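These notes are about the structure you will find just below.
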Amino acid sequence: MATILSVSGSPSATSRTARLLRHLDQRLTAQGHEVIPLNVRDLPADALLGADFRHPAIVRATALVERADGVVVGTPVYKAAYSGLLKSLLDLLPQYALTGKTVLPLATGGSTAHVLAIDYALRPVLSSMGATHIVPGWFTLDKDITAGDDGTLTVAPGSAEALAQVTDRFSAALGGRTTVLAATG
């Protein structure tokens, strides 16, 4: 199956975006893919902000992108755009780092006013980086994502179904199974 890099562009340690991505990672793993999570917030700030292309953590992140067949990119929406943290990583990747990749863009936010951020902010940069196939993404309202104290994640039924569909389309584009054998939430 495919190798998938699952990138969270959230700066928050208690991020609903990152938790949602890790939830979807489980679904993709159950479909036979190797999923590698990458939380951009874990990369050194000095390397990101100082554009240190040679920093070992940036070199490793670049190698992960290169190795991946597919990339899931998740971001919270701020001011109708993807996070500055995600931008700082994307700026350090080679111009055509996504050439030959299938990409699933996902976003979270507090208002439906930001629903077009995927198509008008994120999709153009992913395309400019050479993504071969950007599957339809999904915007999830913050209120539809509930994180339990025990680490569990609950997604409102309508959003959960939509996320399952876009995740399965992404998996199918990578040549994966789209039937999950065990319930994954």
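Lettering and numbering for the structure tokens are positional, with chains as A, B, ... in the shown order, residues counted from 1 in each chain, and ligands counted from 1 in the shown order.
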Need to verify the contact set: Leu104 (chain A), 10 Å, only C-alpha atoms, exclusion of same-chain residues closer than 4 positions in sequence. Can you return it as a PDB file with all heavy atoms, in the first residue's frame?
```pdb
ATOM      1  N   SER A   6       1.017  12.538   7.173  1.00  0.00           N
ATOM      2  CA  SER A   6      -0.146  13.244   7.722  1.00  0.00           C
ATOM      3  C   SER A   6       0.354  14.464   8.490  1.00  0.00           C
ATOM      4  O   SER A   6       0.863  14.341   9.607  1.00  0.00           O
ATOM      5  CB  SER A   6      -0.925  12.298   8.625  1.00  0.00           C
ATOM      6  OG  SER A   6      -2.064  12.929   9.164  1.00  0.00           O
ATOM      7  N   GLY A  70       1.400   9.895  -0.692  1.00  0.00           N
ATOM      8  CA  GLY A  70       0.279  10.802  -0.478  1.00  0.00           C
ATOM      9  C   GLY A  70       0.529  11.645   0.752  1.00  0.00           C
ATOM     10  O   GLY A  70       1.273  11.248   1.654  1.00  0.00           O
ATOM     11  N   VAL A  71      -0.099  12.813   0.777  1.00  0.00           N
ATOM     12  CA  VAL A  71       0.063  13.729   1.902  1.00  0.00           C
ATOM     13  C   VAL A  71      -1.316  14.235   2.316  1.00  0.00           C
ATOM     14  O   VAL A  71      -2.092  14.717   1.480  1.00  0.00           O
ATOM     15  CB  VAL A  71       0.973  14.927   1.533  1.00  0.00           C
ATOM     16  CG1 VAL A  71       1.144  15.863   2.722  1.00  0.00           C
ATOM     17  CG2 VAL A  71       2.333  14.448   1.030  1.00  0.00           C
ATOM     18  N   VAL A  72      -1.604  14.097   3.609  1.00  0.00           N
ATOM     19  CA  VAL A  72      -2.796  14.725   4.182  1.00  0.00           C
ATOM     20  C   VAL A  72      -2.293  15.994   4.854  1.00  0.00           C
ATOM     21  O   VAL A  72      -1.349  15.944   5.643  1.00  0.00           O
ATOM     22  CB  VAL A  72      -3.485  13.812   5.227  1.00  0.00           C
ATOM     23  CG1 VAL A  72      -4.694  14.515   5.836  1.00  0.00           C
ATOM     24  CG2 VAL A  72      -3.884  12.486   4.598  1.00  0.00           C
ATOM     25  N   VAL A  73      -2.888  17.125   4.514  1.00  0.00           N
ATOM     26  CA  VAL A  73      -2.482  18.407   5.089  1.00  0.00           C
ATOM     27  C   VAL A  73      -3.671  18.966   5.854  1.00  0.00           C
ATOM     28  O   VAL A  73      -4.712  19.256   5.271  1.00  0.00           O
ATOM     29  CB  VAL A  73      -2.041  19.409   3.999  1.00  0.00           C
ATOM     30  CG1 VAL A  73      -1.664  20.746   4.622  1.00  0.00           C
ATOM     31  CG2 VAL A  73      -0.876  18.848   3.195  1.00  0.00           C
ATOM     32  N   GLY A  74      -3.507  19.097   7.166  1.00  0.00           N
ATOM     33  CA  GLY A  74      -4.565  19.635   8.011  1.00  0.00           C
ATOM     34  C   GLY A  74      -4.123  20.933   8.657  1.00  0.00           C
ATOM     35  O   GLY A  74      -2.979  21.062   9.096  1.00  0.00           O
ATOM     36  N   ARG A 123      -5.466  25.047  -1.422  1.00  0.00           N
ATOM     37  CA  ARG A 123      -5.342  24.316  -2.693  1.00  0.00           C
ATOM     38  C   ARG A 123      -4.375  24.989  -3.680  1.00  0.00           C
ATOM     39  O   ARG A 123      -3.555  24.299  -4.300  1.00  0.00           O
ATOM     40  CB  ARG A 123      -6.722  24.123  -3.330  1.00  0.00           C
ATOM     41  CG  ARG A 123      -6.704  23.251  -4.570  1.00  0.00           C
ATOM     42  CD  ARG A 123      -8.123  23.036  -5.100  1.00  0.00           C
ATOM     43  NE  ARG A 123      -8.959  22.310  -4.166  1.00  0.00           N
ATOM     44  CZ  ARG A 123      -9.018  20.982  -4.080  1.00  0.00           C
ATOM     45  NH1 ARG A 123      -8.289  20.248  -4.890  1.00  0.00           N
ATOM     46  NH2 ARG A 123      -9.801  20.406  -3.213  1.00  0.00           N
ATOM     47  N   LEU A 126      -0.747  24.189  -2.698  1.00  0.00           N
ATOM     48  CA  LEU A 126      -0.457  22.770  -2.918  1.00  0.00           C
ATOM     49  C   LEU A 126      -0.279  22.490  -4.410  1.00  0.00           C
ATOM     50  O   LEU A 126       0.624  21.749  -4.816  1.00  0.00           O
ATOM     51  CB  LEU A 126      -1.572  21.904  -2.331  1.00  0.00           C
ATOM     52  CG  LEU A 126      -1.790  22.021  -0.820  1.00  0.00           C
ATOM     53  CD1 LEU A 126      -3.027  21.247  -0.393  1.00  0.00           C
ATOM     54  CD2 LEU A 126      -0.557  21.591  -0.047  1.00  0.00           C
ATOM     55  N   HIS A 133      -2.395  15.178  -7.821  1.00  0.00           N
ATOM     56  CA  HIS A 133      -3.833  15.009  -7.653  1.00  0.00           C
ATOM     57  C   HIS A 133      -4.228  15.526  -6.273  1.00  0.00           C
ATOM     58  O   HIS A 133      -3.807  14.954  -5.266  1.00  0.00           O
ATOM     59  CB  HIS A 133      -4.193  13.534  -7.806  1.00  0.00           C
ATOM     60  CG  HIS A 133      -5.647  13.243  -7.739  1.00  0.00           C
ATOM     61  ND1 HIS A 133      -6.138  12.026  -7.368  1.00  0.00           N
ATOM     62  CD2 HIS A 133      -6.745  13.993  -7.987  1.00  0.00           C
ATOM     63  CE1 HIS A 133      -7.462  12.047  -7.393  1.00  0.00           C
ATOM     64  NE2 HIS A 133      -7.847  13.226  -7.748  1.00  0.00           N
ATOM     65  N   ILE A 134      -4.992  16.598  -6.241  1.00  0.00           N
ATOM     66  CA  ILE A 134      -5.517  17.116  -4.977  1.00  0.00           C
ATOM     67  C   ILE A 134      -6.976  16.696  -4.927  1.00  0.00           C
ATOM     68  O   ILE A 134      -7.800  17.197  -5.678  1.00  0.00           O
ATOM     69  CB  ILE A 134      -5.382  18.651  -4.878  1.00  0.00           C
ATOM     70  CG1 ILE A 134      -3.923  19.068  -5.070  1.00  0.00           C
ATOM     71  CG2 ILE A 134      -5.921  19.137  -3.525  1.00  0.00           C
ATOM     72  CD1 ILE A 134      -3.714  20.569  -5.183  1.00  0.00           C
ATOM     73  N   VAL A 135      -7.267  15.725  -4.058  1.00  0.00           N
ATOM     74  CA  VAL A 135      -8.635  15.234  -3.951  1.00  0.00           C
ATOM     75  C   VAL A 135      -9.481  16.284  -3.235  1.00  0.00           C
ATOM     76  O   VAL A 135      -8.951  17.141  -2.533  1.00  0.00           O
ATOM     77  CB  VAL A 135      -8.705  13.870  -3.230  1.00  0.00           C
ATOM     78  CG1 VAL A 135      -7.918  12.808  -3.990  1.00  0.00           C
ATOM     79  CG2 VAL A 135      -8.232  13.969  -1.803  1.00  0.00           C
ATOM     80  N   PRO A 136     -10.807  16.238  -3.403  1.00  0.00           N
ATOM     81  CA  PRO A 136     -11.652  17.183  -2.669  1.00  0.00           C
ATOM     82  C   PRO A 136     -11.403  17.063  -1.165  1.00  0.00           C
ATOM     83  O   PRO A 136     -11.351  15.959  -0.623  1.00  0.00           O
ATOM     84  CB  PRO A 136     -13.077  16.750  -3.030  1.00  0.00           C
ATOM     85  CG  PRO A 136     -12.931  16.082  -4.362  1.00  0.00           C
ATOM     86  CD  PRO A 136     -11.591  15.380  -4.290  1.00  0.00           C
ATOM     87  N   GLY A 137     -11.215  18.195  -0.527  1.00  0.00           N
ATOM     88  CA  GLY A 137     -10.938  18.224   0.898  1.00  0.00           C
ATOM     89  C   GLY A 137     -12.202  18.417   1.708  1.00  0.00           C
ATOM     90  O   GLY A 137     -13.317  18.300   1.191  1.00  0.00           O
ATOM     91  N   TRP A 138     -12.006  18.731   2.994  1.00  0.00           N
ATOM     92  CA  TRP A 138     -13.155  18.922   3.866  1.00  0.00           C
ATOM     93  C   TRP A 138     -12.833  19.916   4.961  1.00  0.00           C
ATOM     94  O   TRP A 138     -11.744  19.899   5.531  1.00  0.00           O
ATOM     95  CB  TRP A 138     -13.603  17.592   4.478  1.00  0.00           C
ATOM     96  CG  TRP A 138     -14.900  17.731   5.190  1.00  0.00           C
ATOM     97  CD1 TRP A 138     -15.104  17.813   6.532  1.00  0.00           C
ATOM     98  CD2 TRP A 138     -16.188  17.868   4.580  1.00  0.00           C
ATOM     99  NE1 TRP A 138     -16.458  17.978   6.796  1.00  0.00           N
ATOM    100  CE2 TRP A 138     -17.131  18.013   5.608  1.00  0.00           C
ATOM    101  CE3 TRP A 138     -16.622  17.883   3.264  1.00  0.00           C
ATOM    102  CZ2 TRP A 138     -18.491  18.174   5.360  1.00  0.00           C
ATOM    103  CZ3 TRP A 138     -17.974  18.031   3.022  1.00  0.00           C
ATOM    104  CH2 TRP A 138     -18.889  18.175   4.062  1.00  0.00           C
ATOM    105  N   VAL A 166     -14.305  11.541   2.240  1.00  0.00           N
ATOM    106  CA  VAL A 166     -13.133  12.163   1.601  1.00  0.00           C
ATOM    107  C   VAL A 166     -11.876  11.350   1.881  1.00  0.00           C
ATOM    108  O   VAL A 166     -11.002  11.243   1.015  1.00  0.00           O
ATOM    109  CB  VAL A 166     -12.945  13.651   1.982  1.00  0.00           C
ATOM    110  CG1 VAL A 166     -14.131  14.497   1.528  1.00  0.00           C
ATOM    111  CG2 VAL A 166     -12.645  13.850   3.437  1.00  0.00           C
ATOM    112  N   THR A 167     -11.790  10.767   3.071  1.00  0.00           N
ATOM    113  CA  THR A 167     -10.634   9.936   3.405  1.00  0.00           C
ATOM    114  C   THR A 167     -10.615   8.685   2.534  1.00  0.00           C
ATOM    115  O   THR A 167      -9.564   8.287   2.025  1.00  0.00           O
ATOM    116  CB  THR A 167     -10.654   9.566   4.902  1.00  0.00           C
ATOM    117  OG1 THR A 167     -10.665  10.778   5.669  1.00  0.00           O
ATOM    118  CG2 THR A 167      -9.431   8.747   5.290  1.00  0.00           C
ATOM    119  N   ARG A 169     -11.952   8.380  -0.467  1.00  0.00           N
ATOM    120  CA  ARG A 169     -11.618   8.789  -1.841  1.00  0.00           C
ATOM    121  C   ARG A 169     -10.106   8.958  -1.988  1.00  0.00           C
ATOM    122  O   ARG A 169      -9.516   8.578  -2.997  1.00  0.00           O
ATOM    123  CB  ARG A 169     -12.337  10.074  -2.232  1.00  0.00           C
ATOM    124  CG  ARG A 169     -13.709   9.803  -2.794  1.00  0.00           C
ATOM    125  CD  ARG A 169     -14.324  11.059  -3.378  1.00  0.00           C
ATOM    126  NE  ARG A 169     -15.512  11.292  -2.567  1.00  0.00           N
ATOM    127  CZ  ARG A 169     -15.893  12.439  -2.061  1.00  0.00           C
ATOM    128  NH1 ARG A 169     -15.208  13.532  -2.294  1.00  0.00           N
ATOM    129  NH2 ARG A 169     -16.973  12.539  -1.338  1.00  0.00           N
ATOM    130  N   PHE A 170      -9.510   9.570  -0.975  1.00  0.00           N
ATOM    131  CA  PHE A 170      -8.051   9.747  -0.961  1.00  0.00           C
ATOM    132  C   PHE A 170      -7.363   8.380  -0.978  1.00  0.00           C
ATOM    133  O   PHE A 170      -6.446   8.144  -1.769  1.00  0.00           O
ATOM    134  CB  PHE A 170      -7.667  10.559   0.282  1.00  0.00           C
ATOM    135  CG  PHE A 170      -6.195  10.689   0.536  1.00  0.00           C
ATOM    136  CD1 PHE A 170      -5.386  11.447  -0.306  1.00  0.00           C
ATOM    137  CD2 PHE A 170      -5.615  10.078   1.640  1.00  0.00           C
ATOM    138  CE1 PHE A 170      -4.027  11.583  -0.052  1.00  0.00           C
ATOM    139  CE2 PHE A 170      -4.264  10.213   1.904  1.00  0.00           C
ATOM    140  CZ  PHE A 170      -3.468  10.969   1.052  1.00  0.00           C
ATOM    141  N   SER A 171      -7.817   7.472  -0.133  1.00  0.00           N
ATOM    142  CA  SER A 171      -7.259   6.126  -0.071  1.00  0.00           C
ATOM    143  C   SER A 171      -7.393   5.421  -1.417  1.00  0.00           C
ATOM    144  O   SER A 171      -6.451   4.787  -1.899  1.00  0.00           O
ATOM    145  CB  SER A 171      -7.962   5.314   1.025  1.00  0.00           C
ATOM    146  OG  SER A 171      -7.434   4.013   1.106  1.00  0.00           O
TER     147      SER A 171
END
```
Shell of 12 Å around Ile58 (chain A), only C-alpha atoms, local chain residues under 2 positions omitted, as JSON, numbers by chain: {"A": [38, 40, 42, 43, 44, 45, 46, 47, 48, 49, 50, 51, 52, 53, 54, 55, 56, 60, 61, 62, 63, 64, 65, 88, 89, 90, 91, 92, 93, 94]}
Within 7 Å of Val77 (chain A) using only C-alpha atoms, minus same-chain residues under 5 positions, as a PyMOL selection string: chain A and resi 82-83+107-109+114
Selected residues written out with all heavy atoms, as a PDB file, in the first residue's frame:
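Output file result_38.pdb is given in full below:
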```
ATOM      1  N   TYR A  82      -4.827  29.284   5.777  1.00  0.00           N
ATOM      2  CA  TYR A  82      -4.170  28.235   6.544  1.00  0.00           C
ATOM      3  C   TYR A  82      -3.190  28.870   7.522  1.00  0.00           C
ATOM      4  O   TYR A  82      -2.837  30.043   7.406  1.00  0.00           O
ATOM      5  CB  TYR A  82      -3.500  27.208   5.631  1.00  0.00           C
ATOM      6  CG  TYR A  82      -2.525  27.781   4.628  1.00  0.00           C
ATOM      7  CD1 TYR A  82      -1.173  27.856   4.916  1.00  0.00           C
ATOM      8  CD2 TYR A  82      -2.955  28.243   3.384  1.00  0.00           C
ATOM      9  CE1 TYR A  82      -0.270  28.367   4.007  1.00  0.00           C
ATOM     10  CE2 TYR A  82      -2.061  28.752   2.469  1.00  0.00           C
ATOM     11  CZ  TYR A  82      -0.717  28.820   2.782  1.00  0.00           C
ATOM     12  OH  TYR A  82       0.175  29.338   1.879  1.00  0.00           O
ATOM     13  N   SER A  83      -2.736  28.095   8.491  1.00  0.00           N
ATOM     14  CA  SER A  83      -1.907  28.642   9.559  1.00  0.00           C
ATOM     15  C   SER A  83      -0.542  29.120   9.060  1.00  0.00           C
ATOM     16  O   SER A  83       0.030  28.574   8.113  1.00  0.00           O
ATOM     17  CB  SER A  83      -1.705  27.602  10.666  1.00  0.00           C
ATOM     18  OG  SER A  83      -0.801  26.603  10.257  1.00  0.00           O
ATOM     19  N   ALA A 107      -9.304  21.197   6.776  1.00  0.00           N
ATOM     20  CA  ALA A 107      -9.222  22.402   7.601  1.00  0.00           C
ATOM     21  C   ALA A 107     -10.273  22.344   8.696  1.00  0.00           C
ATOM     22  O   ALA A 107     -11.319  21.697   8.546  1.00  0.00           O
ATOM     23  CB  ALA A 107      -9.419  23.652   6.749  1.00  0.00           C
ATOM     24  N   THR A 108      -9.976  23.027   9.789  1.00  0.00           N
ATOM     25  CA  THR A 108     -10.925  23.165  10.887  1.00  0.00           C
ATOM     26  C   THR A 108     -11.055  24.642  11.203  1.00  0.00           C
ATOM     27  O   THR A 108     -10.130  25.427  10.961  1.00  0.00           O
ATOM     28  CB  THR A 108     -10.445  22.425  12.156  1.00  0.00           C
ATOM     29  OG1 THR A 108      -9.204  22.979  12.589  1.00  0.00           O
ATOM     30  CG2 THR A 108     -10.290  20.930  11.912  1.00  0.00           C
ATOM     31  N   GLY A 109     -12.211  25.009  11.732  1.00  0.00           N
ATOM     32  CA  GLY A 109     -12.407  26.404  12.090  1.00  0.00           C
ATOM     33  C   GLY A 109     -13.703  26.613  12.839  1.00  0.00           C
ATOM     34  O   GLY A 109     -14.540  25.717  12.918  1.00  0.00           O
ATOM     35  N   HIS A 114     -15.412  30.352   6.948  1.00  0.00           N
ATOM     36  CA  HIS A 114     -14.066  29.976   6.505  1.00  0.00           C
ATOM     37  C   HIS A 114     -14.032  28.719   5.643  1.00  0.00           C
ATOM     38  O   HIS A 114     -12.962  28.212   5.332  1.00  0.00           O
ATOM     39  CB  HIS A 114     -13.164  29.771   7.723  1.00  0.00           C
ATOM     40  CG  HIS A 114     -12.999  30.983   8.553  1.00  0.00           C
ATOM     41  ND1 HIS A 114     -12.473  32.156   8.065  1.00  0.00           N
ATOM     42  CD2 HIS A 114     -13.300  31.211   9.846  1.00  0.00           C
ATOM     43  CE1 HIS A 114     -12.445  33.055   9.026  1.00  0.00           C
ATOM     44  NE2 HIS A 114     -12.955  32.510  10.117  1.00  0.00           N
TER      45      HIS A 114
END
```
Would you mind listing what lies within 12 Å of Gly148 (chain A) as a PyMOL selection string, with only C-alpha atoms counted and same-chain residues fewer than 4 positions away left out? chain A and resi 14+16+19+152-155
Distance CA of Pro124 (chain A)-CA of Asp168 (chain A), one decimal place? 22.6 Å
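The list of residues with at least one atom within 10 Å of Ser127 (chain A), based on only C-alpha atoms and without residues fewer than 4 positions apart in the same chain, reads A:Tyr96, A:Leu98, A:Thr99, A:Val103, A:Leu122, A:Arg123, A:Ala131, A:Thr132, A:His133, A:Ile134.
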Residue subset to file, keeping N, CA, C and O atoms, as a PDB file, in the first residue's frame:
```
ATOM      1  N   TYR A  96       8.832  22.108  -5.922  1.00  0.00           N
ATOM      2  CA  TYR A  96       7.949  21.073  -6.463  1.00  0.00           C
ATOM      3  C   TYR A  96       7.957  19.812  -5.596  1.00  0.00           C
ATOM      4  O   TYR A  96       7.922  18.690  -6.101  1.00  0.00           O
ATOM      5  N   LEU A  98       5.720  18.418  -3.955  1.00  0.00           N
ATOM      6  CA  LEU A  98       4.530  17.573  -4.015  1.00  0.00           C
ATOM      7  C   LEU A  98       4.311  16.938  -5.393  1.00  0.00           C
ATOM      8  O   LEU A  98       3.289  16.301  -5.632  1.00  0.00           O
ATOM      9  N   THR A  99       5.287  17.073  -6.287  1.00  0.00           N
ATOM     10  CA  THR A  99       5.173  16.465  -7.604  1.00  0.00           C
ATOM     11  C   THR A  99       5.023  14.949  -7.460  1.00  0.00           C
ATOM     12  O   THR A  99       5.772  14.307  -6.729  1.00  0.00           O
ATOM     13  N   VAL A 103      -2.821  14.484  -2.706  1.00  0.00           N
ATOM     14  CA  VAL A 103      -2.933  15.296  -1.502  1.00  0.00           C
ATOM     15  C   VAL A 103      -4.396  15.439  -1.087  1.00  0.00           C
ATOM     16  O   VAL A 103      -5.270  15.676  -1.929  1.00  0.00           O
ATOM     17  N   LEU A 122      -5.495  27.172   0.563  1.00  0.00           N
ATOM     18  CA  LEU A 122      -4.620  26.006   0.647  1.00  0.00           C
ATOM     19  C   LEU A 122      -4.405  25.310  -0.702  1.00  0.00           C
ATOM     20  O   LEU A 122      -3.264  25.012  -1.075  1.00  0.00           O
ATOM     21  N   ARG A 123      -5.466  25.047  -1.422  1.00  0.00           N
ATOM     22  CA  ARG A 123      -5.342  24.316  -2.693  1.00  0.00           C
ATOM     23  C   ARG A 123      -4.375  24.989  -3.680  1.00  0.00           C
ATOM     24  O   ARG A 123      -3.555  24.299  -4.300  1.00  0.00           O
ATOM     25  N   ALA A 131       1.562  19.199  -6.733  1.00  0.00           N
ATOM     26  CA  ALA A 131       0.708  18.063  -6.383  1.00  0.00           C
ATOM     27  C   ALA A 131       0.031  17.521  -7.634  1.00  0.00           C
ATOM     28  O   ALA A 131      -0.603  18.268  -8.377  1.00  0.00           O
ATOM     29  N   THR A 132       0.186  16.241  -7.874  1.00  0.00           N
ATOM     30  CA  THR A 132      -0.375  15.612  -9.059  1.00  0.00           C
ATOM     31  C   THR A 132      -1.890  15.529  -8.996  1.00  0.00           C
ATOM     32  O   THR A 132      -2.580  15.788  -9.968  1.00  0.00           O
ATOM     33  N   HIS A 133      -2.395  15.178  -7.821  1.00  0.00           N
ATOM     34  CA  HIS A 133      -3.833  15.009  -7.653  1.00  0.00           C
ATOM     35  C   HIS A 133      -4.228  15.526  -6.273  1.00  0.00           C
ATOM     36  O   HIS A 133      -3.807  14.954  -5.266  1.00  0.00           O
ATOM     37  N   ILE A 134      -4.992  16.598  -6.241  1.00  0.00           N
ATOM     38  CA  ILE A 134      -5.517  17.116  -4.977  1.00  0.00           C
ATOM     39  C   ILE A 134      -6.976  16.696  -4.927  1.00  0.00           C
ATOM     40  O   ILE A 134      -7.800  17.197  -5.678  1.00  0.00           O
TER      41      ILE A 134
END
```
Out of chain A, which residues get helix (DSSP H, G or I) from DSSP, as a PyMOL selection string? chain A and resi 16-30+40-42+45-49+56-67+84-92+112-114+117-128+142-144+157-173
Show me, as a ChimeraX atom specification, the residues that have an atom within 12 Å of region 143-147 of chain A when counting only C-alpha atoms, minus same-chain residues fewer than 3 positions from it. /A:14-23,108-112,139-140,150-163
Only C-alpha atoms, please: the residues just picked out, written as a compact mmCIF listing (two decimals), in the first residue's frame.
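Full text of out-v4.txt as output:
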```
# COMPACT_ATOMS: atom_id res chain seq x y z
CA THR A 14 -4.24 20.62 22.33
CA SER A 15 -5.21 21.02 18.71
CA ARG A 16 -8.51 19.67 17.43
CA THR A 17 -6.93 19.70 13.98
CA ALA A 18 -4.09 17.38 15.01
CA ARG A 19 -6.44 15.10 16.94
CA LEU A 20 -8.74 14.89 13.92
CA LEU A 21 -5.80 14.00 11.69
CA ARG A 22 -4.60 11.28 14.07
CA HIS A 23 -8.18 9.94 14.06
CA THR A 108 -10.92 23.16 10.89
CA GLY A 109 -12.41 26.40 12.09
CA GLY A 110 -14.97 28.12 14.22
CA SER A 111 -17.29 29.40 11.50
CA THR A 112 -18.67 28.31 8.15
CA PHE A 139 -13.71 21.74 6.35
CA THR A 140 -14.85 20.67 9.83
CA ASP A 150 -8.88 10.17 27.93
CA GLY A 151 -7.68 11.09 24.44
CA THR A 152 -10.78 9.85 22.63
CA LEU A 153 -12.18 11.90 19.82
CA THR A 154 -15.82 12.24 18.86
CA VAL A 155 -16.84 13.79 15.57
CA ALA A 156 -20.45 14.87 14.99
CA PRO A 157 -22.25 12.31 12.78
CA GLY A 158 -22.63 14.49 9.66
CA SER A 159 -19.01 15.58 9.75
CA ALA A 160 -17.81 12.07 10.56
CA GLU A 161 -19.57 10.67 7.50
CA ALA A 162 -18.20 13.40 5.22
CA LEU A 163 -14.67 12.91 6.58
```
As a list in words, which residues of region 10-66 of chain A does DSSP assign to strand (DSSP E or B)?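 Selecting the strand (DSSP E or B) positions of region 10-66 of chain A gives Glu34, Val35, Ile36, Pro37, Leu38 and Asn39 of chain A.
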Please determine, counting only C-alpha atoms, which residue among A:Gln26, A:Ser10, A:Thr75, A:Asn39 has the shortest atom-to-atom distance to Pro105 (chain A). A:Thr75
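For Ile36 (chain A), the non-local neighbours within 8 Å, defined as residues at least 6 positions apart in the same chain or in other chains and counting only C-alpha atoms, are A:Thr3, A:Ile4, A:Leu5, A:Ser6.
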Store the residues picked out above in a file with C-alpha atoms, as a PDB file, in the first residue's frame.
```pdb
ATOM      1  CA  THR A   3       3.025   5.666   2.418  1.00  0.00           C
ATOM      2  CA  ILE A   4       1.105   8.698   3.670  1.00  0.00           C
ATOM      3  CA  LEU A   5       2.517  11.716   5.463  1.00  0.00           C
ATOM      4  CA  SER A   6      -0.146  13.244   7.722  1.00  0.00           C
TER       5      SER A   6
END
```
Best match for closeness to Gly100 (chain A) among A:Ala80, A:Ile118, A:Leu174, A:Ala113, counting only C-alpha atoms: A:Leu174
